[in-house]
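For reference, query-v3.cif is printed below; it contains mmCIF, C-alpha atoms.
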data_upload
loop_
_atom_site.label_atom_id
_atom_site.label_comp_id
_atom_site.auth_asym_id
_atom_site.auth_seq_id
_atom_site.Cartn_x
_atom_site.Cartn_y
_atom_site.Cartn_z
CA MET H 1 -75.93 10.32 -151.90
CA ASP H 2 -73.55 13.13 -152.56
CA ILE H 3 -70.38 12.00 -154.24
CA LYS H 4 -68.21 14.92 -155.16
CA TRP H 5 -67.36 13.85 -158.69
CA ALA H 6 -66.23 17.36 -159.59
CA ALA H 7 -63.72 17.39 -156.71
CA LEU H 8 -62.52 13.95 -157.73
CA GLY H 9 -62.09 15.07 -161.33
CA GLN H 10 -60.23 18.14 -160.16
CA VAL H 11 -57.87 15.98 -158.07
CA PHE H 12 -57.14 13.88 -161.15
CA VAL H 13 -56.52 16.80 -163.52
CA VAL H 14 -54.40 18.80 -161.05
CA SER H 15 -52.37 15.75 -160.01
CA LEU H 16 -51.70 14.76 -163.59
CA ALA H 17 -50.70 18.28 -164.64
CA VAL H 18 -48.43 18.96 -161.66
CA SER H 19 -46.78 15.51 -161.74
CA VAL H 20 -46.09 15.69 -165.45
CA VAL H 21 -44.64 19.18 -165.21
CA VAL H 22 -42.40 18.31 -162.23
CA VAL H 23 -41.20 15.02 -163.67
CA VAL H 24 -40.54 16.53 -167.11
CA ILE H 25 -38.59 19.46 -165.66
CA PHE H 26 -36.63 17.21 -163.33
CA SER H 27 -35.87 14.83 -166.23
CA LEU H 28 -34.61 17.76 -168.29
CA GLY H 29 -32.39 18.64 -165.33
CA VAL H 30 -31.10 15.08 -165.27
CA LEU H 31 -30.43 15.26 -169.00
CA SER H 32 -28.51 18.52 -168.55
CA MET H 33 -26.40 17.08 -165.75
CA SER H 34 -25.50 14.18 -167.96
CA ALA H 35 -24.66 16.54 -170.84
CA ARG H 36 -22.36 18.52 -168.56
CA GLN H 37 -20.56 15.37 -167.51
CA LEU H 38 -20.00 14.42 -171.14
CA ALA H 39 -18.77 17.95 -171.94
CA GLN H 40 -16.27 17.86 -169.08
CA GLU H 41 -14.94 14.54 -170.31
CA ARG H 42 -14.23 16.25 -173.65
CA GLN H 43 -12.37 19.01 -171.75
CA ALA H 44 -15.20 21.47 -172.40
CA THR H 45 -16.72 23.43 -169.53
CA GLY H 46 -20.33 22.44 -170.08
CA GLY H 47 -21.35 25.76 -168.54
CA GLY H 48 -24.57 26.05 -170.54
CA ALA H 49 -25.63 22.55 -169.53
CA LEU H 50 -24.92 23.33 -165.88
CA ALA H 51 -26.99 26.51 -166.05
CA ALA H 52 -29.88 24.58 -167.60
CA ALA H 53 -29.65 21.92 -164.86
CA VAL H 54 -29.61 24.54 -162.10
CA LEU H 55 -32.66 26.22 -163.63
CA CYS H 56 -34.57 22.93 -163.79
CA PHE H 57 -33.74 21.90 -160.24
CA ALA H 58 -34.56 25.38 -158.93
CA ALA H 59 -38.00 25.10 -160.52
CA CYS H 60 -38.49 21.70 -158.85
CA ALA H 61 -37.33 23.14 -155.52
CA ALA H 62 -39.98 25.85 -155.86
CA VAL H 63 -42.68 23.17 -156.29
CA VAL H 64 -41.33 21.31 -153.24
CA GLY H 65 -41.48 24.59 -151.31
CA TYR H 66 -45.12 24.98 -152.32
CA GLY H 67 -45.72 21.37 -151.18
CA ILE H 68 -44.26 22.17 -147.75
CA TYR H 69 -46.42 25.29 -147.64
CA LEU H 70 -49.51 23.12 -148.24
CA ILE H 71 -48.51 20.54 -145.62
CA VAL H 72 -47.63 22.91 -142.76
CA PRO H 73 -50.81 24.52 -141.42
CA GLN H 74 -48.88 27.33 -139.68
CA PHE H 75 -48.12 28.83 -143.10
CA HIS H 76 -51.74 29.38 -144.02
CA MET V 77 -56.98 14.31 -113.52
CA GLU V 78 -59.25 12.81 -110.83
CA HIS V 79 -61.81 11.89 -113.50
CA VAL V 80 -59.46 9.54 -115.28
CA THR V 81 -60.93 6.10 -114.86
CA PHE V 82 -59.59 2.66 -115.62
CA LEU V 83 -61.55 2.68 -118.88
CA VAL V 84 -60.04 5.97 -120.04
CA VAL V 85 -56.53 4.73 -119.30
CA VAL V 86 -57.23 1.57 -121.32
CA VAL V 87 -58.59 3.62 -124.23
CA ILE V 88 -55.54 5.90 -124.22
CA ILE V 89 -53.11 2.98 -124.17
CA THR V 90 -55.04 1.22 -126.93
CA ALA V 91 -55.16 4.41 -129.00
CA LEU V 92 -51.38 4.73 -128.70
CA ALA V 93 -51.00 1.07 -129.64
CA PHE V 94 -53.04 1.79 -132.78
CA ASP V 95 -50.90 4.87 -133.42
CA PHE V 96 -47.82 2.65 -133.24
CA THR V 97 -49.20 0.12 -135.76
CA ASN V 98 -50.24 3.07 -137.93
CA GLY V 99 -46.66 4.34 -138.15
CA PHE V 100 -45.32 0.83 -138.46
CA HIS V 101 -47.71 -0.03 -141.28
CA ASP V 102 -47.21 3.18 -143.24
CA THR V 103 -43.42 3.55 -143.27
CA ALA V 104 -43.58 1.74 -146.56
CA ASN V 105 -45.74 4.45 -148.14
CA ALA V 106 -43.00 7.02 -147.88
CA MET V 107 -39.85 4.96 -147.95
CA ALA V 108 -40.36 1.64 -149.79
CA THR V 109 -39.27 2.87 -153.21
CA SER V 110 -36.29 4.84 -151.84
CA ILE V 111 -35.09 1.74 -150.00
CA ALA V 112 -35.66 -0.47 -153.04
CA THR V 113 -33.63 1.71 -155.41
CA GLY V 114 -30.84 2.30 -152.89
CA ALA V 115 -31.51 6.05 -152.70
CA LEU V 116 -31.44 5.68 -148.93
CA ARG V 117 -30.04 2.92 -146.75
CA PRO V 118 -32.91 1.13 -144.98
CA LYS V 119 -32.09 2.32 -141.45
CA VAL V 120 -31.47 5.89 -142.62
CA ALA V 121 -34.77 5.91 -144.51
CA VAL V 122 -36.86 4.85 -141.51
CA ALA V 123 -35.00 7.28 -139.24
CA ILE V 124 -35.76 10.24 -141.56
CA SER V 125 -39.36 9.14 -141.88
CA GLY V 126 -39.74 8.68 -138.12
CA VAL V 127 -38.36 12.13 -137.33
CA LEU V 128 -40.54 13.80 -140.00
CA ASN V 129 -43.60 12.03 -138.61
CA ILE V 130 -42.90 13.46 -135.16
CA VAL V 131 -42.32 16.93 -136.64
CA GLY V 132 -45.56 16.59 -138.59
CA ALA V 133 -47.47 15.60 -135.45
CA PHE V 134 -46.36 18.78 -133.69
CA LEU V 135 -47.18 20.91 -136.73
CA SER V 136 -50.77 19.77 -137.03
CA VAL V 137 -52.87 22.27 -135.14
CA GLU V 138 -56.38 21.35 -136.06
CA VAL V 139 -57.29 18.21 -134.18
CA ALA V 140 -59.95 15.96 -135.64
CA LYS V 141 -63.34 17.24 -134.50
CA THR V 142 -64.99 13.87 -134.85
CA ILE V 143 -63.55 10.44 -134.25
CA SER V 144 -64.85 9.01 -137.48
CA GLY V 145 -65.42 11.96 -139.78
CA GLY V 146 -69.13 11.20 -139.94
CA ILE V 147 -68.91 7.51 -140.77
CA VAL V 148 -70.61 6.64 -137.50
CA ASP V 149 -72.92 8.78 -135.37
CA ASP V 150 -70.43 10.27 -132.92
CA LYS V 151 -73.18 11.10 -130.41
CA LEU V 152 -73.73 7.37 -129.88
CA VAL V 153 -70.06 6.47 -129.47
CA THR V 154 -69.00 5.56 -125.94
CA PRO V 155 -65.43 4.93 -124.72
CA PRO V 156 -65.90 1.11 -124.71
CA MET V 157 -66.93 1.31 -128.39
CA VAL V 158 -63.89 3.42 -129.21
CA PHE V 159 -61.79 0.84 -127.40
CA ALA V 160 -63.40 -2.04 -129.31
CA GLY V 161 -62.98 -0.22 -132.63
CA LEU V 162 -59.30 0.37 -131.91
CA ILE V 163 -58.81 -3.33 -131.17
CA GLY V 164 -60.36 -4.22 -134.54
CA ALA V 165 -58.04 -1.78 -136.29
CA ILE V 166 -54.91 -2.94 -134.45
CA LEU V 167 -55.50 -6.64 -135.10
CA TRP V 168 -56.24 -6.05 -138.80
CA ASN V 169 -53.09 -3.91 -139.09
CA LEU V 170 -51.00 -6.67 -137.49
CA LEU V 171 -52.53 -9.40 -139.66
CA THR V 172 -51.95 -7.52 -142.92
CA TRP V 173 -48.42 -6.70 -141.73
CA LEU V 174 -47.79 -10.42 -141.14
CA PHE V 175 -48.75 -11.06 -144.79
CA GLY V 176 -46.76 -8.00 -145.91
CA LEU V 177 -49.85 -6.38 -147.42
CA PRO V 178 -50.20 -2.60 -147.47
CA SER V 179 -53.68 -1.61 -146.31
CA SER V 180 -55.10 1.66 -145.10
CA SER V 181 -54.83 2.24 -141.34
CA SER V 182 -57.61 4.84 -141.54
CA HIS V 183 -59.94 2.33 -143.16
CA ALA V 184 -59.05 -0.20 -140.47
CA LEU V 185 -59.93 2.35 -137.78
CA PHE V 186 -63.20 3.27 -139.51
CA GLY V 187 -64.02 -0.42 -139.94
CA GLY V 188 -63.36 -1.16 -136.28
CA LEU V 189 -65.56 1.76 -135.23
CA ILE V 190 -68.36 0.73 -137.60
CA GLY V 191 -68.40 -2.77 -136.12
CA ALA V 192 -68.23 -1.51 -132.56
CA VAL V 193 -71.01 1.05 -133.05
CA TRP V 194 -73.19 -1.39 -134.98
CA VAL V 195 -73.05 -3.89 -132.10
CA GLY V 196 -73.03 -1.30 -129.34
CA ALA V 197 -75.66 1.12 -130.60
CA GLY V 198 -77.40 -0.59 -133.48
CA MET V 199 -77.33 -0.14 -137.25
CA ARG V 200 -78.75 3.36 -137.07
CA GLY V 201 -75.40 4.48 -135.62
CA VAL V 202 -73.63 3.71 -138.91
CA HIS V 203 -73.92 6.13 -141.84
CA PHE V 204 -73.65 3.78 -144.78
CA ASP V 205 -73.91 6.44 -147.46
CA THR V 206 -70.88 8.16 -145.90
CA VAL V 207 -69.06 4.81 -145.95
CA LEU V 208 -69.69 4.57 -149.69
CA GLN V 209 -68.69 8.18 -150.29
CA LYS V 210 -65.62 8.32 -148.06
CA ILE V 211 -64.26 4.78 -148.32
CA LEU V 212 -65.52 2.72 -151.24
CA ILE V 213 -65.39 5.33 -154.02
CA PRO V 214 -61.94 6.64 -152.92
CA ALA V 215 -60.68 3.06 -152.66
CA LEU V 216 -61.55 2.54 -156.33
CA ALA V 217 -60.40 5.98 -157.43
CA SER V 218 -57.05 6.11 -155.59
CA PRO V 219 -55.16 3.38 -157.44
CA LEU V 220 -56.68 4.39 -160.80
CA ILE V 221 -55.75 8.06 -160.49
CA ALA V 222 -52.32 7.51 -158.91
CA GLY V 223 -51.58 4.64 -161.27
CA PHE V 224 -52.41 6.62 -164.41
CA VAL V 225 -50.48 9.69 -163.24
CA ALA V 226 -47.42 7.64 -162.27
CA MET V 227 -47.55 5.66 -165.51
CA THR V 228 -47.58 8.86 -167.58
CA ALA V 229 -44.81 10.44 -165.47
CA THR V 230 -42.65 7.32 -165.69
CA TYR V 231 -43.05 7.08 -169.46
CA LEU V 232 -42.00 10.72 -169.85
CA ALA V 233 -39.04 10.38 -167.47
CA TYR V 234 -37.67 7.45 -169.44
CA THR V 235 -38.34 9.02 -172.82
CA ILE V 236 -36.60 12.29 -171.91
CA THR V 237 -33.56 10.71 -170.29
CA ALA V 238 -33.17 7.88 -172.80
CA LYS V 239 -30.01 9.35 -174.31
CA ALA V 240 -28.45 10.48 -171.03
CA ARG V 241 -25.72 8.58 -169.22
CA HIS V 242 -27.07 5.80 -167.10
CA ASP V 243 -24.97 6.39 -163.95
CA SER V 244 -25.71 10.12 -163.95
CA VAL V 245 -29.44 9.46 -164.41
CA THR V 246 -29.57 6.97 -161.54
CA ARG V 247 -27.69 9.25 -159.16
CA THR V 248 -29.75 12.36 -159.85
CA PHE V 249 -33.11 10.60 -159.65
CA ARG V 250 -32.07 9.02 -156.34
CA PHE V 251 -31.54 12.50 -154.95
CA GLY V 252 -35.00 13.55 -156.14
CA GLN V 253 -36.47 10.48 -154.47
CA ILE V 254 -35.10 11.49 -151.07
CA VAL V 255 -36.89 14.83 -151.30
CA SER V 256 -40.23 13.42 -152.45
CA ALA V 257 -40.14 10.62 -149.85
CA SER V 258 -39.52 13.18 -147.10
CA LEU V 259 -42.57 15.17 -148.21
CA VAL V 260 -44.76 12.06 -147.96
CA SER V 261 -43.44 11.40 -144.42
CA LEU V 262 -44.14 14.95 -143.27
CA ALA V 263 -47.65 14.90 -144.72
CA HIS V 264 -48.23 11.55 -143.02
CA GLY V 265 -47.25 12.95 -139.61
CA THR V 266 -49.60 15.90 -139.92
CA ASN V 267 -52.53 13.66 -140.90
CA ASP V 268 -52.18 10.33 -139.15
CA ALA V 269 -50.88 11.25 -135.69
CA GLN V 270 -53.84 13.60 -135.57
CA LYS V 271 -56.27 10.70 -135.73
CA THR V 272 -54.91 9.29 -132.46
CA MET V 273 -54.86 12.73 -130.86
CA GLY V 274 -58.49 13.13 -131.87
CA VAL V 275 -59.49 9.77 -130.38
CA ILE V 276 -57.74 10.48 -127.05
CA THR V 277 -58.96 14.07 -126.82
CA LEU V 278 -62.57 13.19 -127.63
CA THR V 279 -62.48 10.37 -125.07
CA LEU V 280 -61.21 12.75 -122.41
CA ILE V 281 -63.96 15.20 -123.36
CA SER V 282 -66.66 12.51 -123.22
CA THR V 283 -65.68 11.67 -119.65
CA GLY V 284 -65.53 15.29 -118.59
CA THR V 285 -61.77 15.37 -117.99
CA LEU V 286 -61.41 18.06 -120.65
CA ALA V 287 -63.88 20.82 -121.36
CA SER V 288 -66.01 20.40 -124.49
CA GLY V 289 -64.27 21.82 -127.54
CA SER V 290 -60.77 21.67 -126.02
CA GLY V 291 -57.73 21.05 -128.14
CA PRO V 292 -55.39 18.18 -127.30
CA PRO V 293 -53.19 18.76 -124.22
CA ILE V 294 -49.48 18.90 -124.98
CA TRP V 295 -48.85 15.44 -123.50
CA VAL V 296 -51.37 13.97 -125.94
CA ILE V 297 -49.63 15.63 -128.90
CA ALA V 298 -46.22 14.49 -127.66
CA ALA V 299 -47.36 10.93 -126.92
CA ALA V 300 -49.12 10.53 -130.29
CA GLY V 301 -46.21 12.08 -132.20
CA VAL V 302 -43.48 10.05 -130.52
CA THR V 303 -45.46 6.80 -130.77
CA ILE V 304 -46.15 7.15 -134.50
CA GLY V 305 -42.52 8.16 -135.02
CA LEU V 306 -41.29 5.13 -133.10
CA GLY V 307 -43.60 2.85 -135.06
CA THR V 308 -42.32 4.39 -138.29
CA TYR V 309 -38.70 3.99 -137.20
CA LEU V 310 -39.10 0.34 -136.25
CA GLY V 311 -40.44 -0.05 -139.75
CA GLY V 312 -42.90 -2.58 -141.08
CA TRP V 313 -40.18 -4.21 -143.14
CA ARG V 314 -42.53 -6.88 -144.47
CA ILE V 315 -44.70 -4.22 -146.13
CA ILE V 316 -41.68 -2.22 -147.28
CA ARG V 317 -40.44 -5.35 -149.08
CA THR V 318 -43.78 -5.90 -150.79
CA MET V 319 -44.09 -2.32 -152.01
CA GLY V 320 -40.43 -1.85 -152.91
CA LYS V 321 -39.64 -5.22 -154.45
CA GLY V 322 -42.85 -7.23 -154.67
CA ILE V 323 -45.17 -5.33 -157.00
CA THR V 324 -42.61 -4.54 -159.67
CA GLU V 325 -38.84 -4.09 -159.99
CA ILE V 326 -38.20 -0.38 -159.41
CA GLU V 327 -35.33 1.66 -160.90
CA SER V 328 -34.55 5.13 -159.55
CA PRO V 329 -36.35 7.12 -162.31
CA GLN V 330 -39.45 5.04 -161.56
CA GLY V 331 -39.01 5.55 -157.84
CA PHE V 332 -38.90 9.29 -158.40
CA ALA V 333 -41.84 9.32 -160.81
CA ALA V 334 -43.94 7.17 -158.45
CA GLU V 335 -43.15 9.25 -155.37
CA ALA V 336 -43.58 12.59 -157.11
CA SER V 337 -46.96 11.41 -158.46
CA ALA V 338 -48.07 9.99 -155.11
CA THR V 339 -47.05 13.17 -153.28
CA THR V 340 -48.96 15.31 -155.77
CA VAL V 341 -52.08 13.14 -155.62
CA ILE V 342 -52.02 13.10 -151.79
CA LEU V 343 -51.59 16.87 -151.51
CA ALA V 344 -54.12 17.60 -154.24
CA SER V 345 -56.69 15.27 -152.69
CA SER V 346 -56.35 16.67 -149.19
CA HIS V 347 -56.57 20.27 -150.42
CA LEU V 348 -59.28 19.91 -153.07
CA GLY V 349 -61.74 18.22 -150.74
CA PHE V 350 -61.67 14.62 -151.87
CA ALA V 351 -59.62 12.68 -149.33
CA LEU V 352 -57.84 9.61 -150.68
CA SER V 353 -56.03 6.90 -148.73
CA THR V 354 -52.26 7.42 -148.73
CA THR V 355 -51.62 3.68 -148.78
CA GLN V 356 -53.82 3.15 -151.81
CA VAL V 357 -52.38 6.15 -153.63
CA VAL V 358 -48.79 4.98 -153.13
CA SER V 359 -49.59 1.37 -154.06
CA GLY V 360 -51.35 2.61 -157.19
CA ALA V 361 -48.43 4.83 -158.11
CA ILE V 362 -46.00 1.92 -157.80
CA LEU V 363 -48.22 -0.23 -160.02
CA GLY V 364 -48.45 2.61 -162.52
CA THR V 365 -44.72 3.12 -162.61
CA GLY V 366 -44.31 -0.57 -163.36
CA LEU V 367 -46.61 -0.17 -166.35
CA GLY V 368 -44.92 3.04 -167.50
CA ARG V 369 -41.48 1.51 -168.04
CA ARG V 370 -41.35 -0.77 -171.00
CA LEU V 371 -40.35 -4.32 -170.13
CA ALA V 372 -41.03 -3.77 -166.45
CA GLN V 373 -43.04 -6.64 -165.08
CA VAL V 374 -45.98 -6.08 -162.80
CA ARG V 375 -46.85 -8.99 -160.51
CA TRP V 376 -50.60 -8.94 -160.91
CA GLY V 377 -51.07 -11.83 -158.49
CA LEU V 378 -49.67 -9.71 -155.69
CA ALA V 379 -51.63 -6.66 -156.86
CA GLY V 380 -54.76 -8.80 -156.70
CA ARG V 381 -54.02 -9.91 -153.15
CA MET V 382 -53.50 -6.26 -152.20
CA ALA V 383 -56.85 -5.29 -153.71
CA LEU V 384 -58.47 -8.16 -151.81
CA ALA V 385 -56.91 -6.91 -148.56
CA TRP V 386 -58.34 -3.44 -149.27
CA LEU V 387 -61.80 -4.90 -149.82
CA LEU V 388 -61.57 -6.95 -146.63
CA THR V 389 -60.13 -4.15 -144.43
CA LEU V 390 -63.46 -2.59 -143.57
CA PRO V 391 -65.56 -5.73 -142.95
CA ALA V 392 -62.74 -7.61 -141.20
CA ALA V 393 -61.89 -4.76 -138.82
CA ALA V 394 -65.64 -4.25 -138.32
CA ALA V 395 -66.14 -7.92 -137.40
CA VAL V 396 -63.35 -7.81 -134.80
CA GLY V 397 -64.55 -4.41 -133.55
CA GLY V 398 -68.10 -5.77 -133.26
CA VAL V 399 -67.08 -8.85 -131.27
CA ALA V 400 -64.85 -6.71 -129.03
CA ALA V 401 -67.71 -4.26 -128.49
CA ALA V 402 -70.11 -7.04 -127.51
CA VAL V 403 -67.68 -7.99 -124.74
CA ALA V 404 -66.35 -4.55 -123.79
CA THR V 405 -69.71 -2.79 -123.42
CA THR V 406 -70.69 -5.16 -120.59
CA GLY V 407 -68.47 -3.38 -118.06
CA THR V 408 -65.00 -3.25 -116.59
CA LEU V 409 -64.61 -7.03 -116.60
CA GLY V 410 -65.59 -7.12 -120.27
CA VAL V 411 -63.05 -4.42 -121.15
CA THR V 412 -60.35 -6.32 -119.28
CA ILE V 413 -61.19 -9.59 -121.04
CA ALA V 414 -61.24 -7.90 -124.48
CA ALA V 415 -57.90 -6.22 -123.73
CA LEU V 416 -56.28 -9.49 -122.64
CA VAL V 417 -57.60 -11.41 -125.66
CA ALA V 418 -56.38 -8.64 -128.00
CA LEU V 419 -52.99 -8.69 -126.31
CA ALA V 420 -52.74 -12.46 -126.69
CA ALA V 421 -53.78 -12.27 -130.37
CA SER V 422 -51.20 -9.55 -131.04
CA ALA V 423 -48.50 -11.62 -129.35
CA GLY V 424 -49.55 -14.61 -131.48
CA LEU V 425 -49.30 -12.58 -134.72
CA TYR V 426 -45.90 -11.29 -133.65
CA ALA V 427 -44.72 -14.81 -132.83
CA ALA V 428 -45.89 -15.96 -136.27
CA SER V 429 -43.83 -13.18 -137.89
CA ARG V 430 -40.68 -14.46 -136.16
CA ARG V 431 -40.77 -17.65 -138.20
CA ASP V 432 -39.84 -15.66 -141.29
CA PRO V 433 -38.43 -12.36 -140.02
CA VAL V 434 -37.98 -9.44 -142.41
CA HIS V 435 -35.64 -6.68 -141.24
CA ALA V 436 -33.37 -3.92 -142.51
CA GLY V 437 -30.80 -6.50 -143.54
CA ASN V 438 -32.96 -8.57 -145.89
CA VAL V 439 -35.68 -6.10 -146.86
CA ASN V 440 -34.42 -5.83 -150.43
CA ASP V 441 -34.40 -9.56 -151.08
CA VAL V 442 -37.19 -10.45 -153.45
CA PRO V 443 -40.07 -11.97 -151.47
CA ALA V 444 -40.99 -15.58 -152.01
CA VAL V 445 -44.28 -15.00 -153.77
CA PRO V 446 -45.56 -18.14 -155.50
CA GLN V 447 -46.55 -16.24 -158.68
CA GLN V 448 -42.97 -15.20 -159.10
CA VAL V 449 -41.61 -18.70 -159.28
CA ALA V 450 -43.86 -19.38 -162.22
CA ALA V 451 -42.90 -16.14 -164.00
#

Since I need it in another form, could you write the structure as structure tokens?
Amino acid sequence: MDIKWAALGQVFVVSLAVSVVVVVIFSLGVLSMSARQLAQERQATGGGALAAAVLCFAACAAVVGYGIYLIVPQFH
Amino acid sequence: MEHVTFLVVVVIITALAFDFTNGFHDTANAMATSIATGALRPKVAVAISGVLNIVGAFLSVEVAKTISGGIVDDKLVTPPMVFAGLIGAILWNLLTWLFGLPSSSSHALFGGLIGAVWVGAGMRGVHFDTVLQKILIPALASPLIAGFVAMTATYLAYTITAKARHDSVTRTFRFGQIVSASLVSLAHGTNDAQKTMGVITLTLISTGTLASGSGPPIWVIAAAGVTIGLGTYLGGWRIIRTMGKGITEIESPQGFAAEASATTVILASSHLGFALSTTQVVSGAILGTGLGRRLAQVRWGLAGRMALAWLLTLPAAAAVGGVAAAVATTGTLGVTIAALVALAASAGLYAASRRDPVHAGNVNDVPAVPQQVAA
């Protein structure tokens, strides 16, 4: 019997870390988008909030890009 | 193609039929939460998923080298056994679809093969320690890992966005859902269409039509890809309803958290050498996201029925595969009888589904689960 507990543990740790990071960053992006909307309603530009949102979503897009890299065998 | 016999044609058609139920059964994995939260309209969701499955099928280059991944002794497997195993998998997929229960198509295929090989070649043909290692342990681990990850992610998503505007939050998370659901569909196409390609290719090799060690011919890739895409597009709406609306009520931040977690777990598991079932990962993530949002209600009765279906998948598909093998290994007449009986049973299951049809128009209505009435 050879159950790869180490590999299983690795899957758990990596999944938890990556999911938490992506979801936290995306949520911060969501928060920034909402802040920008509020700023615009007060006739402010909300430029800082927009920049923060763009940064967050760009980071998420990078993770998605890495996901596509993992899925498509031609890239390896 | 002068070597192509009646039996090989039957195996190929049956393999494609399995491929179709595979796509049909698994649309829910990628798209159920997006459909439930309104991120995508039902028809659009299944169309995207279908196309990405076809793309994925063409992208996968490395065809499965064994039919079963070591669960049965591939040297003992004959085309009639493959045929019988496929029948077991197809009928189990249709039955679980009728009840709207998500269950792993891979496990159904393995189960069917185990039964067929057990009857056709004896118990020594089945590697039970591999069954434990590749099916039972992952089946326990998948929902626990995906559930915990999704629960944590959901809790964080809600905590961080608690003070943000509700409409803005819903809209942005819906967009994120579309991206994560598409990733699941693409990954599905690269993995699952490959199983059918492997079965067809290895059958052609076993009969000498293809040289040993050949890759799948282009028509096999195209047929497997288009069939799984078509199955995905036609959509197992009954299962989509269960996963999107049945287990727990899903809001768009939960949909995103569940899909992002499921995608991560699926990719991590397939690249770190501990394969997990997509169906079980996604179901676990949806359960977890229900637990991660305060006040969200998880319908444990339904979750229990799902777990029961997972437990039964292997033995039930094995039983059908075994009976089919007993008939099919007797010769051409046996194969014909098994095929006709399987066809009749499939038609019966389909007819039963027509009494309470679920389609794109009513997929988001809450299913009539008895536990819910009491709640």

If you count only C-alpha atoms, which residues fall within 9 Å of V:Val245, apart from same-chain ones fewer than 4 positions away, as a ChimeraX atom specification? /H:27,30-31,33-34 /V:237,240-241,249-250,328-329

What are the closest atom pairs, with distances in Å to one decimal, for all residues of stretch 214-306 of chain V lying within 12 Å of stretch 90-98 of chain V? Consider only C-alpha atoms, order rows by chain and residue number, and present the result as a Markdown table.
| residue | atom | partner | partner_atom | distance |
| --- | --- | --- | --- | --- |
| V:His264 | CA | V:Asn98 | CA | 10.1 |
| V:Gly265 | CA | V:Asn98 | CA | 10.5 |
| V:Asn267 | CA | V:Asn98 | CA | 11.2 |
| V:Asp268 | CA | V:Asn98 | CA | 7.6 |
| V:Ala269 | CA | V:Asp95 | CA | 6.8 |
| V:Gln270 | CA | V:Asp95 | CA | 9.5 |
| V:Lys271 | CA | V:Asp95 | CA | 8.3 |
| V:Thr272 | CA | V:Ala91 | CA | 6.0 |
| V:Met273 | CA | V:Ala91 | CA | 8.5 |
| V:Gly274 | CA | V:Ala91 | CA | 9.8 |
| V:Val275 | CA | V:Ala91 | CA | 7.0 |
| V:Ile276 | CA | V:Ala91 | CA | 6.9 |
| V:Thr277 | CA | V:Ala91 | CA | 10.6 |
| V:Leu278 | CA | V:Ala91 | CA | 11.6 |
| V:Thr279 | CA | V:Ala91 | CA | 10.2 |
| V:Val296 | CA | V:Leu92 | CA | 9.6 |
| V:Ile297 | CA | V:Leu92 | CA | 11.0 |
| V:Ala298 | CA | V:Leu92 | CA | 11.1 |
| V:Ala299 | CA | V:Leu92 | CA | 7.6 |
| V:Ala300 | CA | V:Leu92 | CA | 6.4 |
| V:Gly301 | CA | V:Asp95 | CA | 8.7 |
| V:Val302 | CA | V:Phe96 | CA | 9.0 |
| V:Thr303 | CA | V:Phe96 | CA | 5.4 |
| V:Ile304 | CA | V:Phe96 | CA | 5.0 |
| V:Gly305 | CA | V:Phe96 | CA | 7.8 |
| V:Leu306 | CA | V:Phe96 | CA | 7.0 |

Sorted per-residue table, chain H near chain V, closest atoms and distance, 9 Å, all atoms listed in the file, as CSV:
residue,atom,partner,partner_atom,distance
H:Met1,CA,V:Asp205,CA,6.2
H:Asp2,CA,V:Gln209,CA,7.3
H:Ile3,CA,V:Gln209,CA,5.7
H:Lys4,CA,V:Phe350,CA,7.3
H:Trp5,CA,V:Phe350,CA,8.9
H:Ala7,CA,V:Phe350,CA,5.9
H:Leu8,CA,V:Phe350,CA,6.0
H:Gln10,CA,V:Leu348,CA,7.4
H:Val11,CA,V:Ser345,CA,5.6
H:Phe12,CA,V:Ile221,CA,6.0
H:Val14,CA,V:Ala344,CA,6.9
H:Ser15,CA,V:Val341,CA,5.1
H:Leu16,CA,V:Val225,CA,5.2
H:Ala17,CA,V:Val225,CA,8.7
H:Val18,CA,V:Thr340,CA,6.9
H:Ser19,CA,V:Ser337,CA,5.3
H:Val20,CA,V:Ala229,CA,5.4
H:Val21,CA,V:Ala229,CA,8.7
H:Val22,CA,V:Ala336,CA,7.8
H:Val23,CA,V:Ala229,CA,6.1
H:Val24,CA,V:Ala233,CA,6.3
H:Phe26,CA,V:Gly252,CA,8.2
H:Ser27,CA,V:Ala233,CA,5.6
H:Leu28,CA,V:Ile236,CA,6.9
H:Gly29,CA,V:Thr248,CA,8.7
H:Val30,CA,V:Val245,CA,5.9
H:Leu31,CA,V:Ala240,CA,5.6
H:Ser32,CA,V:Ala240,CA,8.4
H:Met33,CA,V:Ser244,CA,7.2
H:Ser34,CA,V:Ala240,CA,5.6
H:Ala35,CA,V:Ala240,CA,7.2
H:Gln37,CA,V:Ser244,CA,8.2
H:Leu38,CA,V:Arg241,CA,8.4
H:Val64,CA,V:Ser256,CA,8.0
H:Gly67,CA,V:Leu343,CA,7.4
H:Ile68,CA,V:Leu259,CA,7.2
H:Leu70,CA,V:Leu343,CA,7.4
H:Ile71,CA,V:Ala263,CA,5.8
H:Val72,CA,V:Leu135,CA,6.4
H:Pro73,CA,V:Ser136,CA,6.5
H:Gln74,CA,V:Leu135,CA,7.3

Between atom CA of H:Arg42 and atom CA of H:Cys56, distance in Å (one decimal):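 Rounded to one decimal, the two atoms are 23.6 Å apart.
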
Could you jot down the atom CA of V:Ala401 to atom CA of V:Ile190 separation for me, Å, one decimal place?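 Atom-to-atom, atom CA of V:Ala401 to atom CA of V:Ile190, that is 10.4 Å.
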
Report the distance between atom CA of V:Glu327 and atom CA of V:Gly368 in Å, rounded to one decimal place.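 So the two atoms, atom CA of V:Glu327 and atom CA of V:Gly368, lie 11.7 Å apart.
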